[in-house]
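See below for the structure under consideration.
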Amino acid sequence: MASVKGKPRRRLSLDSPPNMSREAPLRMLVFGNSSCDQISLTRSVLGQDVFTGDEVNISVTKKSSGVVQERIITLVNTPNLQDNDLPDSVLHKELRKAVCFSCPGPHAVLFVVDPSHLTSYTMDILKPLVHYFGERVLKHTLIVLYHERGMRALSIEAEVKKNKSFRELAEKCSQNYIFFKGEVNWTEGSQTQVLLTKVDEMVSEHGMFSNMEFKDAEKRIQIEERFVRKSKENEIRETLKVLENQHSGEVLASEILKYEEKIQSECREKAELVVADKLGFTVRVVDYAVAVGKGAFVGALLGFAVGYEGMAVGAAVGAGLGAVCGGAANAAWSYIYKSFTDAH
């Protein structure tokens, strides 16, 4: 990741915390009904080709970062659900990666749609998003109506606003939408500014999106970062010695700073991948716990060992106990949640 101008940072130390010098980026998850539009939006916002020339279909989660208008921007593209027929197990893994890549939580979810192809099916693309992250994620969702040349802005916007499917979609997302003219943005950057301003407004109103899984993943990533950093101790020492022999004064400080950011970025990215592979316990299970009550959920887990019937009985008993015990149920919930995530 490119470095960002700011206050001088202290020299890299083996005892430094993993996130010591990283500026907090603006993190956005990117969904869509067209891989092509997701790729085009990502390229346009970041101002660079982060996808290779032969990447026309997004089938795996990909994280891309850059410095845009003096801000660190991170876009996490999830697999395009219209272009891919992914098995549940694969989709779960990719969404867990999306969680880890956007920890401690995305500031916005960008739902990229083609304004000339708005149909009732467009609404269906949102269903997996809500299914895995819960209804609350819609408050953090910005509809990006992405289009290139050949469309007159005023006419296309007027037509879109008449579209029944779009009106339903906009209503679901609290009327958070923008029109993004890709060709214009490449020369002016004005569309990116509109997008960032809108995201800032949404963050000001709702904060960043997070839930139990994001919080758990972030804790795990920070722990894993320390392990990764520990494994690089010898490499760091040797590199610092080389830099000290080659440079001095301000040049040395600058080289150390660049190396520091490189190491931190590498440790973070490796930790995210490791945790994404290990992280079980999908959001659907977490949402289920909220829906039926912690007591019922704890009971269901305790009954899991004897099969689905045991889960049903355990849930019923747990619900009653949860209502009576309150704090005890909360403690049990925390314990079992940790145990199950570790087991997975």
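We name chains A, B, ... following the order of the structure tokens; residues begin at 1 in each chain, and ligands are numbered from 1 as shown.
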All alpha helix (DSSP H) residues (DSSP, backbone) inside region 123-209 of chain A, as an MDAnalysis selection string: chainID A and resid 123:133 153:162 164:172 182:188 190:206
Each region 132-163 of chain A residue no farther than 12 Å from region 190-196 of chain A, nearest pair in Å, only C-alpha atoms, as JSON lines:
```
{"residue": "A:Leu142", "atom": "CA", "partner": "A:Leu195", "partner_atom": "CA", "distance": 8.9}
{"residue": "A:Ile143", "atom": "CA", "partner": "A:Leu195", "partner_atom": "CA", "distance": 10.2}
{"residue": "A:Val144", "atom": "CA", "partner": "A:Leu195", "partner_atom": "CA", "distance": 8.4}
{"residue": "A:Leu145", "atom": "CA", "partner": "A:Leu195", "partner_atom": "CA", "distance": 11.0}
{"residue": "A:Tyr146", "atom": "CA", "partner": "A:Gln191", "partner_atom": "CA", "distance": 10.2}
{"residue": "A:His147", "atom": "CA", "partner": "A:Gln191", "partner_atom": "CA", "distance": 11.3}
{"residue": "A:Glu148", "atom": "CA", "partner": "A:Gln191", "partner_atom": "CA", "distance": 11.9}
```
Atom pair CA of Asp124 (chain A) / CA of Gln82 (chain A): separation (Å): 9.4 Å
Which residues of region 132-221 of chain A sit at most 8 Å from region 105-120 of chain A, using only C-alpha atoms? Give each one's shortest atom pair and distance in Å (one decimal place), in chain and ascending residue order, as JSON lines.
```
{"residue": "A:Val137", "atom": "CA", "partner": "A:Val109", "partner_atom": "CA", "distance": 7.9}
{"residue": "A:His140", "atom": "CA", "partner": "A:Ala108", "partner_atom": "CA", "distance": 5.2}
{"residue": "A:Thr141", "atom": "CA", "partner": "A:Val109", "partner_atom": "CA", "distance": 4.6}
{"residue": "A:Leu142", "atom": "CA", "partner": "A:Leu110", "partner_atom": "CA", "distance": 5.0}
{"residue": "A:Ile143", "atom": "CA", "partner": "A:Phe111", "partner_atom": "CA", "distance": 4.8}
{"residue": "A:Val144", "atom": "CA", "partner": "A:Val112", "partner_atom": "CA", "distance": 4.7}
{"residue": "A:Leu145", "atom": "CA", "partner": "A:Val113", "partner_atom": "CA", "distance": 5.1}
{"residue": "A:Tyr146", "atom": "CA", "partner": "A:Asp114", "partner_atom": "CA", "distance": 5.7}
{"residue": "A:His147", "atom": "CA", "partner": "A:Asp114", "partner_atom": "CA", "distance": 6.4}
{"residue": "A:Ile156", "atom": "CA", "partner": "A:Pro115", "partner_atom": "CA", "distance": 7.4}
{"residue": "A:Val160", "atom": "CA", "partner": "A:Pro115", "partner_atom": "CA", "distance": 6.4}
{"residue": "A:Asn163", "atom": "CA", "partner": "A:Leu118", "partner_atom": "CA", "distance": 7.5}
{"residue": "A:Ser165", "atom": "CA", "partner": "A:Ser120", "partner_atom": "CA", "distance": 5.5}
{"residue": "A:Phe166", "atom": "CA", "partner": "A:Leu118", "partner_atom": "CA", "distance": 6.6}
{"residue": "A:Val199", "atom": "CA", "partner": "A:Ala108", "partner_atom": "CA", "distance": 6.4}
{"residue": "A:Met202", "atom": "CA", "partner": "A:Ala108", "partner_atom": "CA", "distance": 7.7}
{"residue": "A:Val203", "atom": "CA", "partner": "A:His107", "partner_atom": "CA", "distance": 6.3}
{"residue": "A:Gly207", "atom": "CA", "partner": "A:His107", "partner_atom": "CA", "distance": 7.1}
{"residue": "A:Met208", "atom": "CA", "partner": "A:His107", "partner_atom": "CA", "distance": 4.2}
{"residue": "A:Phe209", "atom": "CA", "partner": "A:Gly105", "partner_atom": "CA", "distance": 5.4}
{"residue": "A:Ser210", "atom": "CA", "partner": "A:Gly105", "partner_atom": "CA", "distance": 5.0}
{"residue": "A:Phe214", "atom": "CA", "partner": "A:Gly105", "partner_atom": "CA", "distance": 6.1}
```
Computed interatomic separation between CA of Ser89 (chain A) and CA of Leu273 (chain A) (Å):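 About the pair CA of Ser89 (chain A) and CA of Leu273 (chain A): they are 16.8 Å apart.
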Nearby residues (only C-alpha atoms) at most 8 Å from Val68 (chain A), same-chain spacing under 2 positions excluded, as a PyMOL selection string: chain A and resi 45-47+66+70-73
Could those selected residues go to a file with C-alpha atoms, as an mmCIF file, in the first residue's frame?
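Final file, again29.cif:
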```cif
data_model
loop_
_atom_site.group_PDB
_atom_site.id
_atom_site.type_symbol
_atom_site.label_atom_id
_atom_site.label_comp_id
_atom_site.auth_asym_id
_atom_site.auth_seq_id
_atom_site.Cartn_x
_atom_site.Cartn_y
_atom_site.Cartn_z
ATOM 1 C CA VAL A 45 -12.305 4.798 -8.079
ATOM 2 C CA LEU A 46 -8.735 3.637 -7.423
ATOM 3 C CA GLY A 47 -7.449 5.088 -10.696
ATOM 4 C CA GLY A 66 -4.867 2.813 -3.012
ATOM 5 C CA GLU A 70 -5.365 11.986 -0.127
ATOM 6 C CA ARG A 71 -7.371 9.194 1.499
ATOM 7 C CA ILE A 72 -6.563 5.499 1.809
ATOM 8 C CA ILE A 73 -9.351 3.597 0.069
#
```
From A:Arg229, A:Lys162, A:Lys63, A:Lys181, residue lying nearest Ser44 (chain A) [only C-alpha atoms]: A:Lys181
Nearest candidate to Glu201 (chain A) (options A:Leu240, A:Asp216, A:Asn176, A:His92; using only C-alpha atoms):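 Smallest distance to Glu201 (chain A) is found for A:Asn176.
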Selection near Lys215 (chain A), 10 Å with only C-alpha atoms, sequence-local residues under 2 positions removed, as a list in words: Val99, Cys100, Cys103, Pro104, Gly105, Ser210, Asn211, Met212, Glu213, Ala217, Glu218, Lys219, Arg220 and Ile221 of chain A
Generate the output file for the selected residues, N, CA, C and O atoms, as a PDB file, in the first residue's frame.
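The resulting file, again_6.pdb, is shown below:
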```pdb
ATOM      1  N   VAL A  99     -15.297 -10.560   5.148  1.00  0.00           N
ATOM      2  CA  VAL A  99     -15.350 -10.051   6.520  1.00  0.00           C
ATOM      3  C   VAL A  99     -13.944  -9.717   7.000  1.00  0.00           C
ATOM      4  O   VAL A  99     -13.681  -8.626   7.515  1.00  0.00           O
ATOM      5  N   CYS A 100     -13.027 -10.652   6.825  1.00  0.00           N
ATOM      6  CA  CYS A 100     -11.654 -10.447   7.302  1.00  0.00           C
ATOM      7  C   CYS A 100     -10.961  -9.303   6.567  1.00  0.00           C
ATOM      8  O   CYS A 100     -10.226  -8.518   7.178  1.00  0.00           O
ATOM      9  N   CYS A 103     -12.306  -5.904   7.973  1.00  0.00           N
ATOM     10  CA  CYS A 103     -12.311  -5.675   9.425  1.00  0.00           C
ATOM     11  C   CYS A 103     -11.630  -4.356   9.770  1.00  0.00           C
ATOM     12  O   CYS A 103     -10.717  -3.928   9.063  1.00  0.00           O
ATOM     13  N   PRO A 104     -12.056  -3.684  10.838  1.00  0.00           N
ATOM     14  CA  PRO A 104     -13.062  -4.120  11.820  1.00  0.00           C
ATOM     15  C   PRO A 104     -14.502  -3.912  11.381  1.00  0.00           C
ATOM     16  O   PRO A 104     -15.418  -4.141  12.149  1.00  0.00           O
ATOM     17  N   GLY A 105     -14.690  -3.492  10.123  1.00  0.00           N
ATOM     18  CA  GLY A 105     -16.023  -3.348   9.572  1.00  0.00           C
ATOM     19  C   GLY A 105     -16.000  -2.380   8.410  1.00  0.00           C
ATOM     20  O   GLY A 105     -15.225  -1.415   8.405  1.00  0.00           O
ATOM     21  N   SER A 210     -20.825  -3.184  11.572  1.00  0.00           N
ATOM     22  CA  SER A 210     -20.104  -4.238  12.279  1.00  0.00           C
ATOM     23  C   SER A 210     -21.116  -5.155  12.941  1.00  0.00           C
ATOM     24  O   SER A 210     -22.291  -4.817  13.084  1.00  0.00           O
ATOM     25  N   ASN A 211     -20.686  -6.330  13.290  1.00  0.00           N
ATOM     26  CA  ASN A 211     -21.504  -7.263  14.058  1.00  0.00           C
ATOM     27  C   ASN A 211     -20.560  -8.201  14.817  1.00  0.00           C
ATOM     28  O   ASN A 211     -19.344  -8.003  14.831  1.00  0.00           O
ATOM     29  N   MET A 212     -21.110  -9.211  15.440  1.00  0.00           N
ATOM     30  CA  MET A 212     -20.299 -10.088  16.273  1.00  0.00           C
ATOM     31  C   MET A 212     -19.176 -10.762  15.489  1.00  0.00           C
ATOM     32  O   MET A 212     -18.059 -10.924  15.971  1.00  0.00           O
ATOM     33  N   GLU A 213     -19.468 -11.147  14.242  1.00  0.00           N
ATOM     34  CA  GLU A 213     -18.448 -11.848  13.467  1.00  0.00           C
ATOM     35  C   GLU A 213     -17.291 -10.918  13.107  1.00  0.00           C
ATOM     36  O   GLU A 213     -16.129 -11.317  13.140  1.00  0.00           O
ATOM     37  N   ALA A 217     -13.548 -11.592  14.294  1.00  0.00           N
ATOM     38  CA  ALA A 217     -12.509 -11.721  13.274  1.00  0.00           C
ATOM     39  C   ALA A 217     -11.379 -10.729  13.512  1.00  0.00           C
ATOM     40  O   ALA A 217     -10.199 -11.063  13.368  1.00  0.00           O
ATOM     41  N   GLU A 218     -11.722  -9.497  13.900  1.00  0.00           N
ATOM     42  CA  GLU A 218     -10.696  -8.477  14.136  1.00  0.00           C
ATOM     43  C   GLU A 218      -9.780  -8.885  15.287  1.00  0.00           C
ATOM     44  O   GLU A 218      -8.546  -8.717  15.204  1.00  0.00           O
ATOM     45  N   LYS A 219     -10.351  -9.424  16.358  1.00  0.00           N
ATOM     46  CA  LYS A 219      -9.523  -9.877  17.481  1.00  0.00           C
ATOM     47  C   LYS A 219      -8.569 -10.979  17.031  1.00  0.00           C
ATOM     48  O   LYS A 219      -7.390 -10.981  17.385  1.00  0.00           O
ATOM     49  N   ARG A 220      -9.092 -11.910  16.253  1.00  0.00           N
ATOM     50  CA  ARG A 220      -8.270 -13.011  15.775  1.00  0.00           C
ATOM     51  C   ARG A 220      -7.160 -12.521  14.847  1.00  0.00           C
ATOM     52  O   ARG A 220      -6.027 -13.006  14.894  1.00  0.00           O
ATOM     53  N   ILE A 221      -7.493 -11.550  13.989  1.00  0.00           N
ATOM     54  CA  ILE A 221      -6.502 -11.016  13.056  1.00  0.00           C
ATOM     55  C   ILE A 221      -5.366 -10.336  13.811  1.00  0.00           C
ATOM     56  O   ILE A 221      -4.186 -10.504  13.476  1.00  0.00           O
TER      57      ILE A 221
END
```
Picked from region 121-256 of chain A by DSSP as strand (DSSP E or B), as a list in words: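 DSSP on the backbone gives strand (DSSP E or B) at Thr141, Leu142, Ile143, Val144, Leu145, Tyr146, His147, Tyr177, Ile178, Phe179, Phe180 and Lys181 of chain A.
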